[in-house]
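Asks: Contents of entry.tsv (TSV, C-alpha atoms) are given next:
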chain	number	residue	atom	x	y	z
A	1138	MET	CA	99.25	100.64	133.89
A	1139	SER	CA	99.02	100.60	130.09
A	1140	ASN	CA	95.98	98.31	130.27
A	1141	ASP	CA	94.21	100.88	132.47
A	1142	TYR	CA	94.70	103.67	129.95
A	1143	GLU	CA	93.93	102.31	126.51
A	1144	PHE	CA	91.47	103.59	123.93
A	1145	ALA	CA	90.01	101.16	121.40
A	1146	THR	CA	88.31	102.35	118.23
A	1147	ASP	CA	84.66	101.49	117.74
A	1148	LYS	CA	84.54	98.12	115.97
A	1149	SER	CA	80.97	97.19	116.91
A	1150	GLY	CA	79.75	97.16	113.29
A	1151	LEU	CA	82.60	95.07	111.92
A	1152	SER	CA	82.34	91.40	110.97
A	1153	GLU	CA	84.88	88.82	112.09
A	1154	ARG	CA	86.57	89.03	108.69
A	1155	ASN	CA	86.63	92.84	108.89
A	1156	LEU	CA	88.29	92.63	112.30
A	1157	GLU	CA	90.91	90.22	110.96
A	1158	LEU	CA	91.57	92.45	107.94
A	1159	LEU	CA	91.86	95.52	110.11
A	1160	GLN	CA	94.39	93.77	112.33
A	1161	LEU	CA	96.25	92.55	109.25
A	1162	ALA	CA	96.44	96.13	107.92
A	1163	VAL	CA	97.88	97.31	111.22
A	1164	ASP	CA	100.39	94.47	111.59
A	1165	THR	CA	101.56	94.20	107.97
A	1166	ASP	CA	104.94	95.58	106.95
A	1167	HIS	CA	104.12	98.15	104.26
A	1168	GLY	CA	107.71	98.96	103.39
A	1169	THR	CA	109.27	98.86	99.93
A	1170	PRO	CA	109.23	95.19	98.78
A	1171	LEU	CA	112.37	93.46	97.54
A	1172	PHE	CA	110.97	93.03	94.01
A	1173	LYS	CA	110.37	96.78	93.68
A	1174	ILE	CA	113.82	97.58	95.09
A	1175	ARG	CA	115.50	95.13	92.73
A	1176	HIS	CA	113.74	96.15	89.52
A	1177	PHE	CA	112.33	99.67	89.91
A	1178	VAL	CA	114.97	101.25	92.14
A	1179	GLY	CA	118.13	99.39	91.13
A	1180	ASP	CA	117.51	98.29	87.54
A	1181	ALA	CA	116.01	101.68	86.70
A	1182	GLN	CA	119.54	103.10	86.77
A	1183	ILE	CA	120.64	101.64	83.38
A	1184	THR	CA	124.29	100.87	84.24
A	1185	SER	CA	125.52	98.62	87.02
A	1186	TYR	CA	127.58	101.41	88.55
A	1187	ALA	CA	124.61	103.78	88.70
A	1188	LYS	CA	122.56	100.96	90.23
A	1189	TYR	CA	125.29	100.30	92.80
A	1190	LYS	CA	125.44	103.98	93.80
A	1191	GLN	CA	121.65	104.29	93.98
A	1192	ILE	CA	121.35	101.26	96.25
A	1193	LEU	CA	124.09	102.69	98.48
A	1194	LEU	CA	122.19	105.99	98.62
A	1195	GLU	CA	118.97	104.22	99.60
A	1196	LEU	CA	120.85	102.11	102.14
A	1197	ARG	CA	122.29	105.22	103.79
A	1198	ALA	CA	118.83	106.78	103.94
A	1199	ARG	CA	117.42	103.70	105.72
A	1200	GLU	CA	120.33	103.67	108.17
A	1201	GLU	CA	119.70	107.31	109.01
A	1202	ILE	CA	115.99	106.59	109.46
A	1203	ILE	CA	116.82	103.73	111.85
A	1204	GLU	CA	119.18	105.93	113.86
A	1205	GLN	CA	116.60	108.70	114.20
A	1206	THR	CA	113.79	106.25	114.95
A	1207	LEU	CA	115.77	104.68	117.79
A	1208	VAL	CA	116.15	108.14	119.33
A	1209	THR	CA	112.43	108.80	118.88
A	1210	ILE	CA	111.59	105.53	120.63
A	1211	GLU	CA	113.66	106.48	123.65
A	1212	LYS	CA	111.95	109.89	123.73
A	1213	ASN	CA	108.56	108.14	123.58
A	1214	LYS	CA	109.54	105.93	126.51
A	1215	ALA	CA	110.73	108.89	128.56
A	1216	THR	CA	107.54	110.81	127.82
A	1217	ILE	CA	105.46	107.80	128.83
A	1218	GLU	CA	107.30	107.60	132.15
A	1219	LEU	CA	106.79	111.32	132.67
A	1220	ALA	CA	103.05	110.94	132.04
A	1221	ARG	CA	102.99	108.02	134.48
A	1222	GLU	CA	104.57	110.23	137.15
A	1223	GLN	CA	102.11	113.04	136.42
A	1224	ILE	CA	99.19	110.62	136.82
A	1225	GLU	CA	100.45	109.55	140.24
A	1226	GLU	CA	101.16	113.13	141.32
A	1227	ALA	CA	98.02	114.76	139.90
A	1228	THR	CA	96.30	117.06	142.41
A	1229	SER	CA	92.98	117.32	140.56
A	1230	PRO	CA	90.77	115.11	138.36
A	1231	ALA	CA	91.40	117.38	135.34
A	1232	ARG	CA	95.18	117.19	135.68
A	1233	LYS	CA	94.98	113.43	136.10
A	1234	LYS	CA	92.79	113.12	133.01
A	1235	LEU	CA	95.21	115.16	130.90
A	1236	ALA	CA	98.12	113.07	132.15
A	1237	GLU	CA	96.22	109.88	131.30
A	1238	LEU	CA	95.57	111.15	127.79
A	1239	ASP	CA	99.26	112.02	127.38
A	1240	PHE	CA	100.10	108.50	128.55
A	1241	ILE	CA	97.72	106.96	125.99
A	1242	SER	CA	98.90	109.21	123.15
A	1243	ASN	CA	102.58	108.54	123.74
A	1244	THR	CA	102.00	104.81	124.22
A	1245	ASN	CA	100.27	104.74	120.83
A	1246	ASP	CA	103.08	106.78	119.32
A	1247	LEU	CA	105.59	104.29	120.69
A	1248	MET	CA	103.80	101.37	119.05
A	1249	LYS	CA	103.65	103.19	115.71
A	1250	THR	CA	107.30	104.17	115.93
A	1251	GLU	CA	108.33	100.59	116.70
A	1252	ARG	CA	106.41	99.44	113.62
A	1253	ARG	CA	108.26	102.02	111.51
A	1254	LEU	CA	111.55	100.82	112.97
A	1255	SER	CA	110.75	97.23	112.02
A	1256	MET	CA	109.86	98.35	108.49
A	1257	ALA	CA	113.10	100.32	108.18
A	1258	TYR	CA	115.15	97.31	109.29
A	1259	THR	CA	113.39	95.15	106.69
A	1260	GLU	CA	114.04	97.69	103.94
A	1261	ARG	CA	117.69	97.96	104.98
A	1262	GLU	CA	117.97	94.17	104.77
A	1263	ASN	CA	116.39	94.20	101.30
A	1264	PHE	CA	118.80	96.83	99.96
A	1265	LEU	CA	121.70	94.80	101.33
A	1266	LYS	CA	120.27	91.71	99.61
A	1267	VAL	CA	120.31	93.55	96.28
A	1268	LEU	CA	123.95	94.53	96.82
A	1269	ASP	CA	124.79	90.92	97.73
A	1270	GLU	CA	123.08	89.81	94.51
A	1271	MET	CA	125.22	92.24	92.54
A	1272	TYR	CA	128.36	90.70	93.98
A	1273	GLU	CA	127.11	87.15	93.42
A	1274	THR	CA	126.26	87.85	89.78
A	1275	GLY	CA	129.39	89.90	89.10
A	1276	GLN	CA	127.48	93.16	88.55
A	1277	ALA	CA	129.38	94.82	91.38
A	1278	TYR	CA	132.66	94.54	89.47
A	1279	LEU	CA	133.92	96.56	86.53
A	1280	ALA	CA	135.02	94.88	83.31
A	1281	ASP	CA	138.62	94.66	84.57
A	1282	GLY	CA	137.49	93.03	87.82
A	1283	THR	CA	137.69	96.19	89.94
A	1284	ASP	CA	135.28	96.18	92.87
A	1285	MET	CA	132.88	99.12	92.49
A	1286	ARG	CA	133.65	100.08	96.07
A	1287	GLU	CA	137.01	101.30	94.78
A	1288	ALA	CA	135.27	103.65	92.34
A	1289	ILE	CA	133.44	105.42	95.16
A	1290	GLY	CA	135.60	108.41	96.05
A	1291	ASN	CA	137.90	107.88	93.04
A	1292	THR	CA	137.11	111.09	91.16
A	1293	ALA	CA	138.62	110.11	87.81
A	1294	LEU	CA	137.01	106.67	87.73
A	1295	ASP	CA	133.70	108.00	89.01
A	1296	ASP	CA	133.64	110.65	86.25
A	1297	GLN	CA	134.33	108.01	83.62
A	1298	LEU	CA	131.55	105.72	84.89
A	1299	GLU	CA	129.15	108.64	85.29
A	1300	ALA	CA	129.73	109.65	81.67
A	1301	GLU	CA	129.05	106.08	80.57
A	1302	HIS	CA	125.83	106.05	82.59
A	1303	TRP	CA	124.54	109.22	80.93
A	1304	THR	CA	125.41	107.94	77.47
A	1305	TYR	CA	123.27	104.85	78.00
A	1306	ARG	CA	120.54	106.64	79.92
A	1307	LEU	CA	120.03	109.36	77.34
A	1308	ALA	CA	120.27	106.80	74.55
A	1309	LYS	CA	117.49	104.74	76.10
A	1310	GLN	CA	115.30	107.79	76.67
A	1311	ALA	CA	115.87	108.92	73.08
A	1312	ALA	CA	115.11	105.42	71.80
A	1313	LEU	CA	111.80	105.40	73.68
A	1314	ASP	CA	110.98	108.75	72.08
A	1315	ILE	CA	111.69	107.30	68.64
A	1316	MET	CA	109.47	104.28	69.30
A	1317	ALA	CA	106.63	106.35	70.73
A	1318	TYR	CA	106.72	109.45	68.51
A	1319	GLY	CA	108.99	108.65	65.59
A	1320	HIS	CA	111.57	111.25	66.63
A	1321	ILE	CA	113.65	112.28	69.64
A	1322	GLY	CA	111.81	114.68	71.95
A	1323	THR	CA	113.05	118.22	72.54
A	1324	GLY	CA	114.06	117.57	76.14
A	1325	ASN	CA	116.21	114.54	75.39
A	1326	MET	CA	117.66	116.14	72.25
A	1327	GLU	CA	118.66	119.21	74.26
A	1328	ALA	CA	120.32	117.02	76.91
A	1329	ILE	CA	122.24	115.07	74.25
A	1330	SER	CA	123.39	118.34	72.65
A	1331	MET	CA	125.03	119.28	75.97
A	1332	LEU	CA	127.47	116.38	75.60
A	1333	ASN	CA	130.69	116.64	73.66
A	1334	SER	CA	130.35	115.75	69.96
A	1335	GLU	CA	131.83	112.25	70.29
A	1336	GLN	CA	129.64	111.25	73.25
A	1337	ALA	CA	126.57	112.78	71.59
A	1338	LYS	CA	127.24	110.74	68.43
A	1339	ASP	CA	127.65	107.53	70.46
A	1340	THR	CA	124.41	108.29	72.31
A	1341	LEU	CA	122.43	108.82	69.09
A	1342	GLN	CA	123.85	105.67	67.51
A	1343	LEU	CA	122.85	103.65	70.56
A	1344	ALA	CA	119.38	105.20	70.53
A	1345	ILE	CA	118.79	104.25	66.90
A	1346	ALA	CA	120.15	100.72	67.36
A	1347	TYR	CA	118.12	100.14	70.53
A	1348	SER	CA	114.87	101.46	69.07
A	1349	HIS	CA	115.14	99.29	65.96
A	1350	GLY	CA	116.06	96.24	68.05
A	1351	VAL	CA	113.03	96.68	70.29
A	1352	LYS	CA	110.76	97.33	67.30
A	1353	GLY	CA	111.92	94.07	65.74
A	1354	ALA	CA	111.35	92.13	68.94
A	1355	LEU	CA	107.90	93.68	69.38
A	1356	GLY	CA	106.99	92.80	65.82
A	1357	GLN	CA	107.96	89.17	66.37
A	1358	LEU	CA	106.06	88.97	69.67
A	1359	GLU	CA	103.00	90.59	68.10
A	1360	ALA	CA	102.99	88.00	65.34
A	1361	GLU	CA	103.19	85.20	67.93
A	1362	VAL	CA	100.33	86.62	70.01
A	1363	LEU	CA	98.07	87.25	67.01
A	1364	GLU	CA	98.69	83.72	65.75
A	1365	ALA	CA	97.88	82.31	69.19
A	1366	MET	CA	94.67	84.36	69.37
A	1367	ASP	CA	93.60	83.27	65.87
A	1368	SER	CA	94.19	79.62	66.73
A	1369	GLY	CA	92.28	79.94	70.01
A	1370	ARG	CA	95.29	79.07	72.18
A	1371	ILE	CA	94.72	82.27	74.14
A	1372	ASP	CA	91.57	84.31	74.64
A	1373	SER	CA	91.12	87.96	73.84
A	1374	THR	CA	90.07	90.08	76.81
A	1375	MET	CA	90.01	93.76	77.68
A	1376	LYS	CA	91.52	93.12	81.12
A	1377	ILE	CA	95.31	92.96	81.16
A	1378	GLU	CA	95.37	90.86	84.34
A	1379	GLU	CA	93.34	88.15	82.58
A	1380	GLN	CA	95.67	87.92	79.60
A	1381	ILE	CA	97.70	84.72	79.26
A	1382	THR	CA	100.76	84.70	77.03
A	1383	PRO	CA	101.20	81.77	74.61
A	1384	ARG	CA	104.20	80.47	76.56
A	1385	LYS	CA	102.35	80.54	79.89
A	1386	LYS	CA	99.34	78.85	78.30
A	1387	GLU	CA	101.50	76.04	76.98
A	1388	LEU	CA	103.16	75.53	80.37
A	1389	GLU	CA	99.77	75.22	82.07
A	1390	GLN	CA	98.55	72.55	79.66
Could you write out this file's structure as structure tokens?
Replies:
Amino acid sequence: MSNDYEFATDKSGLSERNLELLQLAVDTDHGTPLFKIRHFVGDAQITSYAKYKQILLELRAREEIIEQTLVTIEKNKATIELAREQIEEATSPARKKLAELDFISNTNDLMKTERRLSMAYTERENFLKVLDEMYETGQAYLADGTDMREAIGNTALDDQLEAEHWTYRLAKQAALDIMAYGHIGTGNMEAISMLNSEQAKDTLQLAIAYSHGVKGALGQLEAEVLEAMDSGRIDSTMKIEEQITPRKKELEQ
């Protein structure tokens, strides 16, 4: 019956390539890619423990989405069957037409929901991959070999690791302020002042050390790039995507 009640959008003005691209847009999984999860969700957390907890949080969210989506799919199926019954039992053309439209709408909803389910499963798999990588590389263990799973729910250990995370996080934010503005911004300075004196001192020391380390590395890289530009080994362009670093240029030759 689904073939009898199906609306297709007007594609009369589209080329063959346009049709293929449209279908690609519909079929493509637009979920969060593994690279983004690995570097801009996980690695954004500064410490391994914070990364571990963030990935767990994201993993739980995807599991809850999958659970709810499965329920929604069953509701879609039931609504489709109800519309099918209403079509067969309709006593007037108008009632039949409305039932047909309900059938079409819910059939389309089912397809969209199934696509979202597939995307959620892929994202769940990617978050699990990142956790597996943490175990394979040793990031999922504390310095004494303790599995980070044991820290979850251990209040004393969690507090200790949370304090460590904020020391490094605020230090990095303060260091970025120093590099960008020459001083620590009001917001980060206020946050650091909320720590106890010893932790605040450690945070400021880390910020100063990190900022000077990055400045030194940037200075060295700048010298290498300028030398490569002067020698003609790389071209100067205003488009970042067309830039080729000296190392990449050498590898291509």
Asks: How many Å lie between CA of Ile1329 (chain A) and CA of Ala1187 (chain A), rounded to one decimal?
Replies: 18.5 Å
Asks: Counting only C-alpha atoms, give me one row per residue of region 1211-1287 of chain A with an atom at most 10 Å from an atom of region 1171-1185 of chain A, showing the shortest contact pair and its distance in Å to one decimal, sorted by chain then residue number, as JSON lines.
Replies:
{"residue": "A:Thr1259", "atom": "CA", "partner": "A:Leu1171", "partner_atom": "CA", "distance": 9.4}
{"residue": "A:Glu1260", "atom": "CA", "partner": "A:Leu1171", "partner_atom": "CA", "distance": 7.9}
{"residue": "A:Glu1262", "atom": "CA", "partner": "A:Leu1171", "partner_atom": "CA", "distance": 9.2}
{"residue": "A:Asn1263", "atom": "CA", "partner": "A:Leu1171", "partner_atom": "CA", "distance": 5.6}
{"residue": "A:Phe1264", "atom": "CA", "partner": "A:Ile1174", "partner_atom": "CA", "distance": 7.0}
{"residue": "A:Lys1266", "atom": "CA", "partner": "A:Leu1171", "partner_atom": "CA", "distance": 8.4}
{"residue": "A:Val1267", "atom": "CA", "partner": "A:Arg1175", "partner_atom": "CA", "distance": 6.2}
{"residue": "A:Leu1268", "atom": "CA", "partner": "A:Arg1175", "partner_atom": "CA", "distance": 9.4}
{"residue": "A:Glu1270", "atom": "CA", "partner": "A:Arg1175", "partner_atom": "CA", "distance": 9.4}
{"residue": "A:Met1271", "atom": "CA", "partner": "A:Ser1185", "partner_atom": "CA", "distance": 8.4}
{"residue": "A:Gly1275", "atom": "CA", "partner": "A:Ser1185", "partner_atom": "CA", "distance": 9.8}
{"residue": "A:Gln1276", "atom": "CA", "partner": "A:Ser1185", "partner_atom": "CA", "distance": 6.0}
{"residue": "A:Ala1277", "atom": "CA", "partner": "A:Ser1185", "partner_atom": "CA", "distance": 7.0}
{"residue": "A:Tyr1278", "atom": "CA", "partner": "A:Ser1185", "partner_atom": "CA", "distance": 8.6}
{"residue": "A:Leu1279", "atom": "CA", "partner": "A:Ser1185", "partner_atom": "CA", "distance": 8.7}
{"residue": "A:Met1285", "atom": "CA", "partner": "A:Ser1185", "partner_atom": "CA", "distance": 9.2}
Asks: In Å, rounded to a single decimal, give me how far CA of Met1331 (chain A) is from CA of Thr1292 (chain A).
Replies: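 Between CA of Thr1292 (chain A) and CA of Met1331 (chain A) the gap is 21.1 Å.
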Asks: Using only C-alpha atoms, list the residues that have an atom at most 12 Å from (96.3, 115.7, 131.1), coordinates as in the file, as a list in words.
Replies: Leu1219, Ala1220, Arg1221, Glu1222, Gln1223, Ile1224, Glu1225, Glu1226, Ala1227, Thr1228, Ser1229, Pro1230, Ala1231, Arg1232, Lys1233, Lys1234, Leu1235, Ala1236, Glu1237, Leu1238, Asp1239, Phe1240, Ile1241 and Ser1242 of chain A
Asks: Just give me the gap between CA of Ala1337 (chain A) and CA of Leu1298 (chain A) in Å, one decimal is fine.
Replies: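 Between these atoms lies a distance of 15.9 Å.
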Asks: Go through A:Glu1195, A:Asp1281, A:Glu1251, A:Glu1153 one by one, measure the shortest atom-to-atom distance of each to Val1208 (chain A) using all atoms listed in the file, and give the residue with the smallest value.
Replies: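 Closest candidate: A:Glu1251.
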Asks: Tell me which of A:Glu1273, A:Thr1216, A:Leu1194, A:Glu1157 sits closest to Ile1289 (chain A), counting only C-alpha atoms.
Replies: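 Selected residue with least distance to Ile1289 (chain A): A:Leu1194.
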Asks: May I ask which of the residues A:Ala1215, A:Gln1205, A:Gln1160, A:Gln1336 is the closest one to Ala1300 (chain A), counting all atoms listed in the file?
Replies: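 Nearest candidate to Ala1300 (chain A) out of A:Ala1215, A:Gln1205, A:Gln1160, A:Gln1336: A:Gln1336.
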Asks: Nearest residue to His1302 (chain A) out of A:Thr1244, A:Thr1340, A:Glu1218, A:Lys1212, using all atoms listed in the file?
Replies: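 Of A:Thr1244, A:Thr1340, A:Glu1218, A:Lys1212, the one nearest His1302 (chain A), counting all atoms listed in the file, is A:Thr1340.
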Asks: Produce the centre coordinates and the three edge lengths, each in Å to one decimal, of the box along x, y and z that contains all listed atoms of region 1266-1274 of chain A with 6 Å added on each side, as JSON.
Replies:
{"center_x": 124.3, "center_y": 90.8, "center_z": 94.7, "size_x": 20.1, "size_y": 19.4, "size_z": 21.8}
Asks: Kindly provide, as a PDB file with C-alpha atoms, in the frame of the given file, the polymer residues lying within 10 Å of (106.8, 102.7, 120.9), counting only C-alpha atoms and using the coordinates exactly as they appear in the file.
Replies:
ATOM      1  CA  THR A1206     113.790 106.250 114.950  1.00  0.00           C
ATOM      2  CA  LEU A1207     115.770 104.680 117.790  1.00  0.00           C
ATOM      3  CA  THR A1209     112.430 108.800 118.880  1.00  0.00           C
ATOM      4  CA  ILE A1210     111.590 105.530 120.630  1.00  0.00           C
ATOM      5  CA  GLU A1211     113.660 106.480 123.650  1.00  0.00           C
ATOM      6  CA  LYS A1212     111.950 109.890 123.730  1.00  0.00           C
ATOM      7  CA  ASN A1213     108.560 108.140 123.580  1.00  0.00           C
ATOM      8  CA  LYS A1214     109.540 105.930 126.510  1.00  0.00           C
ATOM      9  CA  ILE A1217     105.460 107.800 128.830  1.00  0.00           C
ATOM     10  CA  ASN A1243     102.580 108.540 123.740  1.00  0.00           C
ATOM     11  CA  THR A1244     102.000 104.810 124.220  1.00  0.00           C
ATOM     12  CA  ASN A1245     100.270 104.740 120.830  1.00  0.00           C
ATOM     13  CA  ASP A1246     103.080 106.780 119.320  1.00  0.00           C
ATOM     14  CA  LEU A1247     105.590 104.290 120.690  1.00  0.00           C
ATOM     15  CA  MET A1248     103.800 101.370 119.050  1.00  0.00           C
ATOM     16  CA  LYS A1249     103.650 103.190 115.710  1.00  0.00           C
ATOM     17  CA  THR A1250     107.300 104.170 115.930  1.00  0.00           C
ATOM     18  CA  GLU A1251     108.330 100.590 116.700  1.00  0.00           C
ATOM     19  CA  ARG A1252     106.410  99.440 113.620  1.00  0.00           C
ATOM     20  CA  ARG A1253     108.260 102.020 111.510  1.00  0.00           C
ATOM     21  CA  LEU A1254     111.550 100.820 112.970  1.00  0.00           C
TER      22      LEU A1254
END
Asks: Rank nothing, just name the residue among A:Thr1323, A:Asp1314, A:Arg1370, A:Glu1364 nearest to Ala1344 (chain A), using only C-alpha atoms.
Replies: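 Comparing A:Thr1323, A:Asp1314, A:Arg1370, A:Glu1364 against Ala1344 (chain A), the winner is A:Asp1314.
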Asks: Restricting the calculation to only C-alpha atoms, which member of A:Ala1365, A:Ala1280, A:Leu1343, A:Leu1307 is positioned closest to Ser1330 (chain A)?
Replies: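 Distance minimum relative to Ser1330 (chain A) lands on A:Leu1307.
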Asks: Can you list, as a count of residues only, every protein, DNA or RNA residue that comes within 12 Å of Leu1159 (chain A) when you count only C-alpha atoms, leaving out same-chain residues fewer than 6 positions away?
Replies: 6
Asks: Could you rebuild region 1303-1316 of chain A with N, CA and C atoms and give it back as a PDB file, in the coordinates of the input?
Replies:
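Output saved as selection01.pdb:
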ATOM      1  N   TRP A1303     125.369 108.250  81.632  1.00  0.00           N
ATOM      2  CA  TRP A1303     124.540 109.220  80.930  1.00  0.00           C
ATOM      3  C   TRP A1303     124.450 108.927  79.439  1.00  0.00           C
ATOM      4  N   THR A1304     125.490 108.348  78.878  1.00  0.00           N
ATOM      5  CA  THR A1304     125.410 107.940  77.470  1.00  0.00           C
ATOM      6  C   THR A1304     124.290 106.918  77.282  1.00  0.00           C
ATOM      7  N   TYR A1305     124.285 105.909  78.117  1.00  0.00           N
ATOM      8  CA  TYR A1305     123.270 104.850  78.000  1.00  0.00           C
ATOM      9  C   TYR A1305     121.888 105.336  78.423  1.00  0.00           C
ATOM     10  N   ARG A1306     121.842 106.159  79.455  1.00  0.00           N
ATOM     11  CA  ARG A1306     120.540 106.640  79.920  1.00  0.00           C
ATOM     12  C   ARG A1306     119.861 107.522  78.883  1.00  0.00           C
ATOM     13  N   LEU A1307     120.615 108.485  78.346  1.00  0.00           N
ATOM     14  CA  LEU A1307     120.030 109.360  77.340  1.00  0.00           C
ATOM     15  C   LEU A1307     119.716 108.605  76.058  1.00  0.00           C
ATOM     16  N   ALA A1308     120.539 107.607  75.734  1.00  0.00           N
ATOM     17  CA  ALA A1308     120.270 106.800  74.550  1.00  0.00           C
ATOM     18  C   ALA A1308     118.960 106.034  74.704  1.00  0.00           C
ATOM     19  N   LYS A1309     118.731 105.480  75.875  1.00  0.00           N
ATOM     20  CA  LYS A1309     117.490 104.740  76.100  1.00  0.00           C
ATOM     21  C   LYS A1309     116.282 105.662  76.056  1.00  0.00           C
ATOM     22  N   GLN A1310     116.408 106.836  76.679  1.00  0.00           N
ATOM     23  CA  GLN A1310     115.300 107.790  76.670  1.00  0.00           C
ATOM     24  C   GLN A1310     114.999 108.255  75.247  1.00  0.00           C
ATOM     25  N   ALA A1311     116.052 108.491  74.469  1.00  0.00           N
ATOM     26  CA  ALA A1311     115.870 108.920  73.080  1.00  0.00           C
ATOM     27  C   ALA A1311     115.243 107.801  72.255  1.00  0.00           C
ATOM     28  N   ALA A1312     115.660 106.560  72.521  1.00  0.00           N
ATOM     29  CA  ALA A1312     115.110 105.420  71.800  1.00  0.00           C
ATOM     30  C   ALA A1312     113.615 105.262  72.086  1.00  0.00           C
ATOM     31  N   LEU A1313     113.226 105.471  73.323  1.00  0.00           N
ATOM     32  CA  LEU A1313     111.800 105.400  73.680  1.00  0.00           C
ATOM     33  C   LEU A1313     111.011 106.491  72.982  1.00  0.00           C
ATOM     34  N   ASP A1314     111.630 107.670  72.846  1.00  0.00           N
ATOM     35  CA  ASP A1314     110.980 108.750  72.080  1.00  0.00           C
ATOM     36  C   ASP A1314     110.760 108.316  70.635  1.00  0.00           C
ATOM     37  N   ILE A1315     111.780 107.727  70.042  1.00  0.00           N
ATOM     38  CA  ILE A1315     111.690 107.300  68.640  1.00  0.00           C
ATOM     39  C   ILE A1315     110.575 106.277  68.462  1.00  0.00           C
ATOM     40  N   MET A1316     110.497 105.320  69.402  1.00  0.00           N
ATOM     41  CA  MET A1316     109.470 104.280  69.300  1.00  0.00           C
ATOM     42  C   MET A1316     108.066 104.838  69.519  1.00  0.00           C
TER      43      MET A1316
END
